[in-house]
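Engineer: I'm passing along run_34.txt; it holds compact mmCIF, C-alpha atoms.
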# COMPACT_ATOMS: atom_id res chain seq x y z
CA MET A 164 -17.28 -80.93 -26.36
CA ASP A 165 -14.93 -81.43 -23.42
CA ASN A 166 -16.21 -82.95 -20.20
CA LEU A 167 -13.59 -81.18 -18.08
CA ILE A 168 -12.03 -77.77 -18.66
CA ARG A 169 -10.07 -75.07 -16.84
CA ILE A 170 -11.19 -71.44 -16.77
CA GLU A 171 -8.42 -69.25 -15.39
CA ASN A 172 -10.17 -65.99 -16.18
CA GLY A 173 -8.60 -62.81 -14.80
CA ASP A 174 -6.43 -62.64 -11.69
CA ALA A 175 -6.83 -64.47 -8.40
CA ALA A 176 -9.09 -62.53 -6.03
CA GLU A 177 -8.01 -61.10 -2.70
CA ARG A 178 -9.55 -63.21 0.05
CA ILE A 179 -10.42 -62.15 3.59
CA PHE A 180 -7.95 -64.69 4.99
CA SER A 181 -4.25 -64.94 4.19
CA ASP A 182 -2.66 -67.74 2.20
CA GLY A 183 -0.88 -68.72 5.40
CA GLU A 184 -4.24 -69.19 7.13
CA TYR A 185 -5.44 -71.64 4.47
CA ASP A 186 -2.08 -73.43 4.44
CA ALA A 187 -2.33 -73.91 8.21
CA ARG A 188 -5.82 -75.38 7.90
CA LEU A 189 -4.71 -77.74 5.16
CA SER A 190 -1.65 -78.78 7.17
CA LYS A 191 -3.83 -79.86 10.09
CA LEU A 192 -6.08 -81.74 7.69
CA ARG A 193 -3.16 -83.49 6.02
CA ALA A 194 -1.73 -84.48 9.38
CA HIS A 195 -5.05 -86.16 10.16
CA MET A 196 -5.06 -87.79 6.73
CA ALA A 197 -1.57 -89.18 7.30
CA GLY A 198 -2.53 -90.53 10.71
CA GLU A 199 -5.57 -92.29 9.25
CA LYS A 200 -3.67 -93.39 6.11
CA MET A 201 -6.05 -91.48 3.83
CA ASP A 202 -4.89 -90.91 0.26
CA ALA A 203 -7.35 -88.08 -0.37
CA VAL A 204 -10.39 -86.25 0.94
CA LEU A 205 -13.40 -85.15 -1.09
CA PHE A 206 -15.32 -82.34 0.57
CA THR A 207 -18.84 -81.65 -0.67
CA SER A 208 -20.33 -79.30 1.95
CA TYR A 209 -20.54 -75.53 1.85
CA HIS A 210 -18.70 -75.15 5.13
CA ASN A 211 -15.71 -77.38 4.47
CA ILE A 212 -15.18 -76.25 0.88
CA ASN A 213 -15.25 -72.66 2.12
CA TYR A 214 -13.10 -73.37 5.18
CA TYR A 215 -10.28 -75.11 3.32
CA SER A 216 -10.30 -73.14 0.05
CA GLY A 217 -12.13 -69.81 0.48
CA PHE A 218 -14.55 -70.70 -2.34
CA HIS A 219 -18.21 -70.19 -1.42
CA PHE A 220 -20.34 -71.89 -4.05
CA CYS A 221 -23.92 -71.37 -5.19
CA TYR A 222 -25.61 -74.78 -5.39
CA PHE A 223 -28.53 -74.14 -7.77
CA GLY A 224 -28.95 -77.85 -8.53
CA ARG A 225 -25.29 -78.64 -9.32
CA LEU A 226 -22.62 -80.46 -7.33
CA TYR A 227 -19.41 -78.91 -6.00
CA GLY A 228 -16.37 -80.30 -4.28
CA LEU A 229 -12.86 -79.84 -2.99
CA ALA A 230 -10.39 -82.66 -3.56
CA VAL A 231 -7.44 -82.62 -1.16
CA THR A 232 -4.42 -84.91 -1.48
CA ALA A 233 -1.01 -84.82 0.19
CA ASP A 234 0.22 -82.20 -2.26
CA SER A 235 -2.82 -80.56 -3.89
CA ALA A 236 -6.16 -78.95 -3.17
CA THR A 237 -8.54 -78.47 -6.10
CA SER A 238 -12.06 -77.15 -6.11
CA ILE A 239 -14.57 -78.74 -8.48
CA SER A 240 -17.10 -76.35 -10.00
CA ALA A 241 -19.70 -76.17 -12.75
CA ASN A 242 -19.11 -74.46 -16.09
CA ILE A 243 -22.01 -72.07 -15.39
CA ASP A 244 -19.83 -70.29 -12.79
CA GLY A 245 -17.09 -69.37 -15.25
CA GLY A 246 -13.79 -68.30 -13.70
CA GLN A 247 -15.17 -67.14 -10.35
CA PRO A 248 -14.39 -70.42 -8.52
CA TRP A 249 -10.78 -70.33 -9.79
CA ARG A 250 -10.37 -66.71 -8.71
CA ARG A 251 -11.71 -67.47 -5.22
CA THR A 252 -10.02 -70.83 -4.55
CA HIS A 253 -6.86 -71.11 -2.52
CA GLY A 254 -5.42 -73.88 -4.65
CA ASP A 255 -6.42 -75.12 -8.09
CA ASN A 256 -9.80 -75.43 -9.81
CA LEU A 257 -11.28 -77.93 -12.23
CA VAL A 258 -14.52 -77.21 -14.14
CA TYR A 259 -16.98 -79.82 -15.34
CA THR A 260 -19.36 -79.13 -18.21
CA ASP A 261 -22.98 -80.06 -18.85
CA TRP A 262 -22.32 -81.80 -22.14
CA GLN A 263 -22.55 -85.23 -20.56
CA ARG A 264 -24.42 -86.36 -17.46
CA ASP A 265 -22.41 -86.91 -14.28
CA ASN A 266 -19.32 -85.06 -15.47
CA TYR A 267 -18.87 -84.03 -11.82
CA PHE A 268 -17.81 -87.59 -11.04
CA ARG A 269 -15.41 -87.57 -13.99
CA ALA A 270 -13.78 -84.56 -12.33
CA VAL A 271 -13.49 -86.59 -9.13
CA GLN A 272 -11.83 -89.40 -11.11
CA GLU A 273 -9.38 -86.89 -12.56
CA LEU A 274 -8.29 -85.71 -9.10
CA ILE A 275 -8.56 -88.81 -6.89
CA SER A 276 -7.19 -92.25 -7.73
CA ALA A 277 -9.39 -95.28 -7.20
CA GLY A 278 -8.45 -98.06 -4.81
CA GLY A 279 -7.16 -96.09 -1.85
CA ARG A 280 -8.66 -94.65 1.34
CA VAL A 281 -10.71 -91.50 0.76
CA GLY A 282 -12.33 -89.25 3.34
CA ILE A 283 -15.90 -88.09 2.64
CA GLU A 284 -18.61 -86.17 4.48
CA THR A 285 -21.24 -88.80 5.19
CA ASP A 286 -23.49 -86.18 6.79
CA ASP A 287 -23.60 -84.29 3.49
CA LEU A 288 -23.60 -86.87 0.68
CA SER A 289 -26.97 -88.18 -0.48
CA ILE A 290 -27.37 -91.92 -0.95
CA GLN A 291 -27.65 -91.39 -4.70
CA ASN A 292 -24.40 -89.41 -4.93
CA LEU A 293 -22.58 -91.80 -2.61
CA ASP A 294 -23.54 -94.66 -4.95
CA LYS A 295 -22.23 -92.67 -7.93
CA LEU A 296 -19.02 -91.91 -6.07
CA LYS A 297 -18.50 -95.59 -5.33
CA ALA A 298 -19.03 -96.41 -9.01
CA ALA A 299 -16.58 -93.68 -10.05
CA LEU A 300 -13.87 -94.90 -7.64
CA PRO A 301 -14.19 -98.71 -7.55
CA GLY A 302 -12.26 -100.56 -4.88
CA THR A 303 -11.96 -97.43 -2.74
CA GLU A 304 -12.48 -97.46 1.01
CA PHE A 305 -14.49 -94.44 2.12
CA ILE A 306 -13.98 -93.00 5.62
CA ASP A 307 -16.13 -90.38 7.27
CA ILE A 308 -14.26 -87.10 7.79
CA SER A 309 -17.21 -85.07 9.12
CA ALA A 310 -16.52 -85.27 12.86
CA PRO A 311 -12.73 -84.74 12.69
CA THR A 312 -13.05 -81.66 10.47
CA MET A 313 -15.80 -80.28 12.71
CA ALA A 314 -13.41 -80.56 15.65
CA MET A 315 -10.76 -78.68 13.66
CA ARG A 316 -13.17 -75.87 12.82
CA MET A 317 -14.31 -75.44 16.43
CA ILE A 318 -11.00 -73.86 17.48
CA LYS A 319 -10.74 -70.47 15.76
CA SER A 320 -7.53 -68.86 14.57
CA ALA A 321 -6.61 -65.25 15.26
CA GLU A 322 -7.68 -64.33 11.72
CA GLU A 323 -11.05 -66.01 12.17
CA ILE A 324 -11.67 -64.26 15.47
CA ARG A 325 -10.88 -60.92 13.83
CA VAL A 326 -13.51 -61.55 11.16
CA ILE A 327 -16.06 -62.77 13.72
CA LYS A 328 -15.52 -59.64 15.81
CA ASP A 329 -16.09 -57.51 12.71
CA GLY A 330 -19.28 -59.44 12.06
CA ALA A 331 -20.53 -58.86 15.61
CA ARG A 332 -19.90 -55.14 15.23
CA VAL A 333 -21.76 -55.10 11.90
CA ALA A 334 -24.68 -56.90 13.55
CA ASP A 335 -24.85 -54.17 16.20
CA LEU A 336 -25.10 -51.57 13.43
CA GLY A 337 -27.90 -53.58 11.81
CA GLY A 338 -29.73 -53.68 15.13
CA ALA A 339 -29.52 -49.90 15.47
CA ALA A 340 -30.87 -49.45 11.93
CA CYS A 341 -33.68 -51.87 12.71
CA VAL A 342 -34.75 -49.96 15.82
CA GLU A 343 -34.59 -46.66 13.91
CA ALA A 344 -36.99 -48.06 11.30
CA ILE A 345 -39.62 -49.29 13.79
CA SER A 346 -42.80 -47.24 13.70
CA GLU A 347 -46.52 -47.88 13.98
CA GLY A 348 -47.96 -49.38 10.81
CA VAL A 349 -44.60 -50.18 9.21
CA PRO A 350 -44.46 -53.79 7.92
CA GLU A 351 -41.89 -56.28 9.15
CA PHE A 352 -40.18 -56.55 5.77
CA VAL A 353 -39.59 -52.81 5.52
CA ILE A 354 -37.92 -52.74 8.94
CA ALA A 355 -35.83 -55.82 8.10
CA ARG A 356 -34.74 -54.27 4.80
CA ALA A 357 -33.31 -51.22 6.62
CA ALA A 358 -31.20 -53.43 8.87
CA THR A 359 -29.90 -55.57 6.01
CA GLN A 360 -28.98 -52.54 3.92
CA ALA A 361 -27.00 -51.05 6.80
CA MET A 362 -25.08 -54.29 7.36
CA VAL A 363 -24.25 -54.89 3.69
CA THR A 364 -23.02 -51.30 3.35
CA GLU A 365 -20.68 -51.71 6.33
CA ILE A 366 -19.35 -55.09 5.14
CA ALA A 367 -18.58 -53.53 1.76
CA ARG A 368 -16.71 -50.71 3.48
CA CYS A 369 -14.63 -53.05 5.66
CA TYR A 370 -14.02 -55.74 3.03
CA PRO A 371 -14.14 -53.90 -0.31
CA LYS A 372 -12.83 -56.88 -2.33
CA SER A 373 -15.08 -59.52 -0.78
CA GLU A 374 -18.20 -61.10 -2.24
CA LEU A 375 -21.41 -59.76 -0.71
CA MET A 376 -23.60 -62.79 -0.15
CA ASP A 377 -26.36 -63.89 2.19
CA THR A 378 -26.55 -61.12 4.81
CA TRP A 379 -30.13 -61.07 6.04
CA THR A 380 -32.52 -59.93 8.76
CA TRP A 381 -35.48 -61.65 10.38
CA PHE A 382 -37.64 -59.05 12.08
CA GLN A 383 -40.69 -60.62 13.71
CA SER A 384 -43.67 -59.06 15.49
CA GLY A 385 -46.57 -60.35 17.58
CA ILE A 386 -47.39 -64.00 16.94
CA ASN A 387 -44.56 -64.19 14.41
CA THR A 388 -42.05 -64.13 17.30
CA ASP A 389 -42.98 -67.70 18.26
CA GLY A 390 -40.25 -69.22 16.06
CA ALA A 391 -36.59 -68.25 16.00
CA HIS A 392 -36.37 -68.75 12.23
CA ASN A 393 -39.71 -67.35 11.09
CA PRO A 394 -39.33 -65.32 7.87
CA VAL A 395 -40.37 -61.71 7.63
CA THR A 396 -43.96 -60.96 6.64
CA THR A 397 -46.07 -57.98 5.64
CA ARG A 398 -47.57 -57.70 9.15
CA PRO A 399 -47.52 -54.04 10.33
CA VAL A 400 -46.13 -53.23 13.76
CA GLU A 401 -48.71 -52.21 16.37
CA LYS A 402 -48.38 -50.56 19.78
CA GLY A 403 -47.82 -53.12 22.53
CA ASP A 404 -46.29 -55.67 20.12
CA ILE A 405 -43.56 -57.99 21.26
CA LEU A 406 -40.78 -57.80 18.66
CA SER A 407 -37.83 -59.99 17.80
CA LEU A 408 -34.80 -58.40 16.14
CA ASN A 409 -32.49 -60.84 14.33
CA CYS A 410 -29.56 -59.45 12.34
CA PHE A 411 -27.24 -61.85 10.49
CA PRO A 412 -24.21 -60.41 8.69
CA MET A 413 -22.28 -62.80 6.45
CA ILE A 414 -18.65 -62.04 5.63
CA SER A 415 -17.41 -64.49 2.97
CA GLY A 416 -19.41 -67.34 4.47
CA TYR A 417 -18.68 -66.39 8.10
CA TYR A 418 -21.91 -65.89 10.03
CA THR A 419 -22.52 -63.76 13.10
CA ALA A 420 -25.75 -62.74 14.78
CA LEU A 421 -27.53 -60.26 17.00
CA GLU A 422 -30.91 -61.22 18.45
CA ARG A 423 -32.95 -59.13 20.85
CA THR A 424 -36.42 -58.98 22.38
CA LEU A 425 -38.07 -55.58 22.01
CA PHE A 426 -41.51 -54.07 22.56
CA PHE A 427 -43.12 -51.22 20.70
CA ASP A 428 -44.45 -48.37 22.87
CA HIS A 429 -45.26 -50.46 25.95
CA ALA A 430 -45.30 -53.94 27.48
CA SER A 431 -47.80 -55.54 29.86
CA ASP A 432 -46.79 -56.52 33.38
CA GLU A 433 -46.71 -60.21 32.47
CA HIS A 434 -44.63 -59.52 29.38
CA LEU A 435 -42.16 -57.62 31.55
CA ARG A 436 -42.01 -60.46 34.09
CA LEU A 437 -41.29 -63.07 31.46
CA TRP A 438 -38.75 -60.85 29.76
CA ALA A 439 -36.96 -60.32 33.06
CA VAL A 440 -36.72 -64.08 33.63
CA ASN A 441 -35.22 -64.61 30.21
CA VAL A 442 -32.70 -61.83 30.87
CA GLU A 443 -31.82 -63.53 34.18
CA VAL A 444 -31.11 -66.77 32.32
CA HIS A 445 -29.13 -64.89 29.69
CA GLU A 446 -26.92 -63.13 32.22
CA ARG A 447 -26.27 -66.34 34.17
CA GLY A 448 -25.36 -68.05 30.90
CA LEU A 449 -22.84 -65.33 30.08
CA GLU A 450 -21.17 -66.01 33.43
CA LEU A 451 -20.97 -69.76 32.83
CA ILE A 452 -19.15 -69.57 29.47
CA LYS A 453 -15.47 -70.12 30.30
CA PRO A 454 -12.76 -72.69 29.59
CA GLY A 455 -13.14 -76.06 31.30
CA THR A 456 -16.94 -75.95 31.40
CA ARG A 457 -18.94 -78.64 29.62
CA CYS A 458 -21.72 -77.56 27.25
CA CYS A 459 -24.20 -79.89 28.94
CA ASP A 460 -23.48 -78.46 32.38
CA ILE A 461 -24.34 -74.96 31.18
CA ALA A 462 -27.66 -76.24 29.83
CA HIS A 463 -28.56 -78.02 33.07
CA ALA A 464 -27.68 -74.99 35.20
CA LEU A 465 -29.85 -72.68 33.11
CA ASN A 466 -32.72 -75.16 33.11
CA GLU A 467 -32.86 -74.76 36.89
CA ILE A 468 -33.62 -71.05 36.58
CA TYR A 469 -36.49 -71.61 34.16
CA GLU A 470 -37.78 -74.43 36.34
CA ALA A 471 -37.76 -72.19 39.42
CA HIS A 472 -40.07 -69.81 37.56
CA ASP A 473 -42.24 -72.68 36.18
CA LEU A 474 -41.18 -71.81 32.63
CA LEU A 475 -38.98 -74.72 31.60
CA GLN A 476 -41.78 -76.21 29.50
CA TYR A 477 -41.71 -73.07 27.34
CA ARG A 478 -38.01 -73.33 26.44
CA THR A 479 -37.67 -73.93 22.71
CA PHE A 480 -34.08 -74.99 21.85
CA GLY A 481 -30.51 -75.20 23.17
CA TYR A 482 -28.80 -72.27 24.82
CA GLY A 483 -26.25 -71.45 22.13
CA HIS A 484 -23.99 -72.66 19.35
CA SER A 485 -20.67 -72.06 17.63
CA PHE A 486 -19.78 -69.58 14.92
CA GLY A 487 -17.66 -69.71 11.77
CA VAL A 488 -18.53 -70.99 8.31
CA LEU A 489 -22.26 -71.59 8.70
CA SER A 490 -25.52 -70.07 7.58
CA HIS A 491 -29.27 -70.53 7.58
CA TYR A 492 -28.95 -73.10 4.80
CA TYR A 493 -25.71 -74.89 5.62
CA GLY A 494 -23.35 -75.92 8.35
CA ARG A 495 -23.38 -76.28 12.10
CA GLU A 496 -20.64 -77.41 14.46
CA ALA A 497 -23.04 -79.74 16.23
CA GLY A 498 -20.43 -80.77 18.79
CA LEU A 499 -20.33 -77.22 20.17
CA GLU A 500 -23.97 -76.56 21.05
CA LEU A 501 -25.02 -75.67 24.59
CA ARG A 502 -27.41 -78.59 25.03
CA GLU A 503 -27.98 -81.32 27.57
CA ASP A 504 -26.60 -84.02 25.24
CA ILE A 505 -23.32 -82.28 24.32
CA GLU A 506 -20.35 -83.03 26.59
CA THR A 507 -17.76 -80.93 24.73
CA VAL A 508 -15.50 -78.98 27.10
CA LEU A 509 -15.08 -75.30 26.23
CA GLU A 510 -11.54 -74.30 25.24
CA PRO A 511 -9.81 -71.01 24.49
CA ASN A 512 -10.53 -69.68 20.97
CA MET A 513 -13.88 -71.40 20.72
CA VAL A 514 -16.64 -68.94 19.83
CA VAL A 515 -20.17 -69.56 21.11
CA SER A 516 -23.44 -67.74 21.59
CA MET A 517 -25.60 -67.41 24.65
CA GLU A 518 -29.19 -67.29 23.42
CA PRO A 519 -31.92 -68.47 25.79
CA MET A 520 -35.48 -68.48 24.40
CA ILE A 521 -38.90 -69.16 25.79
CA MET A 522 -42.17 -69.05 23.85
CA LEU A 523 -45.66 -68.73 25.31
CA PRO A 524 -48.44 -69.45 22.81
CA GLU A 525 -51.31 -67.15 21.95
CA GLY A 526 -54.02 -67.01 24.58
CA LEU A 527 -51.65 -67.03 27.54
CA PRO A 528 -50.73 -63.84 29.41
CA GLY A 529 -47.41 -62.55 28.07
CA ALA A 530 -47.71 -64.55 24.83
CA GLY A 531 -44.80 -64.39 22.40
CA GLY A 532 -41.18 -65.43 21.91
CA TYR A 533 -38.40 -63.98 24.08
CA ARG A 534 -34.79 -64.33 23.00
CA GLU A 535 -31.49 -62.57 23.71
CA HIS A 536 -28.27 -63.43 21.91
CA ASP A 537 -24.64 -62.47 22.57
CA ILE A 538 -21.44 -63.85 21.02
CA LEU A 539 -18.52 -64.79 23.25
CA VAL A 540 -14.93 -65.70 22.46
CA VAL A 541 -13.59 -68.15 25.04
CA THR A 542 -10.25 -66.93 26.45
CA GLU A 543 -7.59 -68.49 28.67
CA ASP A 544 -9.40 -67.49 31.86
CA GLY A 545 -12.95 -66.55 30.87
CA ALA A 546 -14.76 -65.20 27.84
CA GLU A 547 -14.91 -61.94 25.89
CA ASN A 548 -18.41 -60.76 24.99
CA ILE A 549 -18.11 -59.18 21.53
CA THR A 550 -21.77 -58.13 21.25
CA GLY A 551 -22.36 -54.50 22.18
CA PHE A 552 -26.08 -53.97 21.58
CA PRO A 553 -27.97 -53.51 24.88
CA TYR A 554 -30.68 -55.90 26.06
CA GLY A 555 -33.61 -55.88 28.45
CA PRO A 556 -36.60 -53.67 29.31
CA GLU A 557 -34.43 -50.69 30.31
CA HIS A 558 -33.15 -50.36 26.73
CA ASN A 559 -35.48 -52.06 24.29
CA ILE A 560 -38.98 -50.69 24.70
CA VAL A 561 -39.07 -48.64 21.51
CA ALA A 562 -40.87 -45.33 21.83
CA ALA A 563 -43.77 -44.65 19.47
Please express the file's structure as structure tokens.
Structural biologist:
Amino acid sequence: MDNLIRIENGDAAERIFSDGEYDARLSKLRAHMAGEKMDAVLFTSYHNINYYSGFHFCYFGRLYGLAVTADSATSISANIDGGQPWRRTHGDNLVYTDWQRDNYFRAVQELISAGGRVGIETDDLSIQNLDKLKAALPGTEFIDISAPTMAMRMIKSAEEIRVIKDGARVADLGGAACVEAISEGVPEFVIARAATQAMVTEIARCYPKSELMDTWTWFQSGINTDGAHNPVTTRPVEKGDILSLNCFPMISGYYTALERTLFFDHASDEHLRLWAVNVEVHERGLELIKPGTRCCDIAHALNEIYEAHDLLQYRTFGYGHSFGVLSHYYGREAGLELREDIETVLEPNMVVSMEPMIMLPEGLPGAGGYREHDILVVTEDGAENITGFPYGPEHNIVAA
């Protein structure tokens, strides 16, 4: 049986981005490769394979890749996926079979010559697979491409911003469906399911030829609001609960989000005070997002507000992050997070969130997690807030 095959089954699929968009991305990459005298790049991560080819793979215990040279770009996929990777790849596709162990690395040998300079993602490759790659391409010098490609992804194109704006609008619809489903005694998972269904339906309407993958909702209540990424449970909503609404539409690997603090029926005075402080931080953060501002300076400025209210010790994470090809199980443009240790200067066409969160543990007055989340596109002279869902006590105490 063959180790490597090609499965050109059917016609190439219509992608959400134009061929010109992918060609522009690859041109920037190849310019970097030429400057660094790289003969090829082997991408292995979800985000870079998706970003440069449009192919969004399903790992399931197998390896995937995208080999880019000066004149070719070829995705590497497993035989189990049939012709789907070829249909979805901007470029070529090579399939490896299971008939012999490590056929993935034989595919790499087919596409990349040994002995040159090859870019790899050192933040994605395991030690085991890096050792196998070195054995497959003896005499090759491997150079980390992770940081340069992250910098390329941080500046969004017009096509990317269009998709991100669509995603933000879909998230708003999911939030509305979530609120509509909230009622006493209804479990978290039932409420989350309503939001997810609404978002998937709208994505299918807007992008009828796209793949529908990975849209999800985390709806948390009571003690479950203490973590931003806590999964849904069977806990039923009760009157007086603090609630956290988290809607995450995914459009062909492009993630957006809506996150809001809510209460069901009523909120105590201390809950309202804490909520108001978090809204104050959120609104100040929205004002600070503009070109020329450093990420770290935003974080320090917002820390001062929490500190003035003696709440800084309850802050849980950074104040925001970038958007694009990322998800709950892959990707993050770490150089564009609103944290004290990130000195990146905001530029036009960067897309970032403002999402302050504090968490007071059980037993304290006002216990629970408070988080608001808007998405902003940095412009030439400010920022455009593309999230429309309202926030704060005036809007988000849900009537019983």
Engineer: Please provide the set of residues having any atom within 8 Å of range 306-319 of chain A, restricted to only C-alpha atoms, with same-chain residues fewer than 4 positions apart removed, written as a VMD selection string.
Structural biologist: chain A and resid 191 to 192 204 211 280 to 286 323 to 324 485 487 496 498 to 499 510 to 514
Engineer: Range 188-207 of chain A near range 229-250 of chain A within 6 Å: what's each residue's closest atom pair and its distance in Å to one decimal, counting all atoms listed in the file, ordered by chain then ascending residue number, as a tab-separated table?
Structural biologist:
residue	atom	partner	partner_atom	distance
A:Ala203	CA	A:Thr232	CA	4.5
A:Val204	CA	A:Val231	CA	5.1
A:Leu205	CA	A:Ala230	CA	4.6
A:Phe206	CA	A:Leu229	CA	5.0
Engineer: Would you write out those residues with C-alpha atoms, as a PDB file, keeping the file's coordinate frame?
Structural biologist:
ATOM      1  CA  ALA A 203      -7.350 -88.080  -0.370  1.00  0.00           C
ATOM      2  CA  VAL A 204     -10.390 -86.250   0.940  1.00  0.00           C
ATOM      3  CA  LEU A 205     -13.400 -85.150  -1.090  1.00  0.00           C
ATOM      4  CA  PHE A 206     -15.320 -82.340   0.570  1.00  0.00           C
TER       5      PHE A 206
END
Engineer: Could you tell me how far CA of Val395 in chain A lies from CA of Arg423 in chain A, in Å and to one decimal?
Structural biologist: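 So the answer is 15.4 Å.
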Engineer: Please write as a short mmCIF file (atom, residue, chain, number, x, y, z; two decimals) with C-alpha atoms, in the coordinates of the input the list of polymer residues whose atoms come within 12 Å of (-23.0, -63.4, 32.8), counting all atoms listed in the file and keeping to the coordinates of the file.
Structural biologist:
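Result saved to part_20.cif:
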data_model
loop_
_atom_site.label_atom_id
_atom_site.label_comp_id
_atom_site.auth_asym_id
_atom_site.auth_seq_id
_atom_site.Cartn_x
_atom_site.Cartn_y
_atom_site.Cartn_z
CA VAL A 442 -32.70 -61.83 30.87
CA GLU A 443 -31.82 -63.53 34.18
CA VAL A 444 -31.11 -66.77 32.32
CA HIS A 445 -29.13 -64.89 29.69
CA GLU A 446 -26.92 -63.13 32.22
CA ARG A 447 -26.27 -66.34 34.17
CA GLY A 448 -25.36 -68.05 30.90
CA LEU A 449 -22.84 -65.33 30.08
CA GLU A 450 -21.17 -66.01 33.43
CA LEU A 451 -20.97 -69.76 32.83
CA ILE A 452 -19.15 -69.57 29.47
CA LYS A 453 -15.47 -70.12 30.30
CA ILE A 461 -24.34 -74.96 31.18
CA LEU A 465 -29.85 -72.68 33.11
CA MET A 517 -25.60 -67.41 24.65
CA GLU A 518 -29.19 -67.29 23.42
CA ASP A 537 -24.64 -62.47 22.57
CA ILE A 538 -21.44 -63.85 21.02
CA LEU A 539 -18.52 -64.79 23.25
CA GLY A 545 -12.95 -66.55 30.87
CA ALA A 546 -14.76 -65.20 27.84
CA GLU A 547 -14.91 -61.94 25.89
CA ASN A 548 -18.41 -60.76 24.99
#
Engineer: Nearest to Val540 in chain A: which of A:Ala298, A:Ala357, A:Ile327, A:Ala430 is it, counting all atoms listed in the file?
Structural biologist: A:Ile327
Engineer: Can you list, as a short mmCIF file (atom, residue, chain, number, x, y, z; two decimals) with C-alpha atoms, in the coordinates of the input, every protein, DNA or RNA residue that comes within 8 Å of Trp381 in chain A when you count only C-alpha atoms, leaving out same-chain residues fewer than 4 positions away?
Structural biologist:
data_model
loop_
_atom_site.label_atom_id
_atom_site.label_comp_id
_atom_site.auth_asym_id
_atom_site.auth_seq_id
_atom_site.Cartn_x
_atom_site.Cartn_y
_atom_site.Cartn_z
CA ALA A 355 -35.83 -55.82 8.10
CA HIS A 392 -36.37 -68.75 12.23
CA ASN A 393 -39.71 -67.35 11.09
CA PRO A 394 -39.33 -65.32 7.87
CA VAL A 395 -40.37 -61.71 7.63
CA SER A 407 -37.83 -59.99 17.80
CA LEU A 408 -34.80 -58.40 16.14
CA ASN A 409 -32.49 -60.84 14.33
CA CYS A 410 -29.56 -59.45 12.34
#
Engineer: Nearest to Leu437 in chain A: which of A:Met520, A:Ile366, A:Leu300, A:Ala331 is it, counting all atoms listed in the file?
Structural biologist: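 Smallest separation from Leu437 in chain A among the options: A:Met520.
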Engineer: In Å, with one decimal, what is the gap from CA of Asp377 in chain A to CA of Ala497 in chain A?
Structural biologist: 21.4 Å
Engineer: May I have the residues within 7 Å of Phe426 in chain A as a PyMOL selection string, using all atoms listed in the file and disregarding those fewer than 6 positions away in the same chain?
Structural biologist: chain A and resi 403-406+559-561
Engineer: For His210 in chain A, which of A:Gly198, A:Gly337, A:Gly455, A:Gly494 is the closest residue, counting only C-alpha atoms?
Structural biologist: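 Checking each of A:Gly198, A:Gly337, A:Gly455, A:Gly494 against His210 in chain A, counting only C-alpha atoms, the winner is A:Gly494.
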Engineer: Restricting the calculation to all atoms listed in the file: of A:Tyr469, A:Trp262, A:Tyr418, A:Tyr370, which residue gets closest to Val488 in chain A?
Structural biologist: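 Comparing A:Tyr469, A:Trp262, A:Tyr418, A:Tyr370 against Val488 in chain A, the winner is A:Tyr418.
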Engineer: With only C-alpha atoms as the atoms that count, which of A:Phe223, A:Phe305, A:Phe486, A:Phe268 lies nearest to Asp202 in chain A?
Structural biologist: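 Smallest distance to Asp202 in chain A is found for A:Phe305.
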Engineer: When distances are computed from only C-alpha atoms, which of A:Ile179, A:Ala270, A:Ala439, A:Leu293 shows the smallest separation from Pro371 in chain A?
Structural biologist: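 Selected residue with least distance to Pro371 in chain A: A:Ile179.
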Engineer: What's around Arg332 in chain A at 10 Å? Count only C-alpha atoms, leave out sequence neighbours fewer than 5 positions away in its own chain, and write the answer as JSON, numbers by chain.
Structural biologist: {"A": [326, 327, 337, 338, 362, 365, 412, 419, 420, 421, 549, 550, 551, 552]}
Engineer: Could you please determine the separation between CA of Ser346 in chain A and CA of Glu433 in chain A in Å, to one decimal place?
Structural biologist: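 Atom-to-atom, CA of Ser346 in chain A and CA of Glu433 in chain A are spaced 23.1 Å apart.
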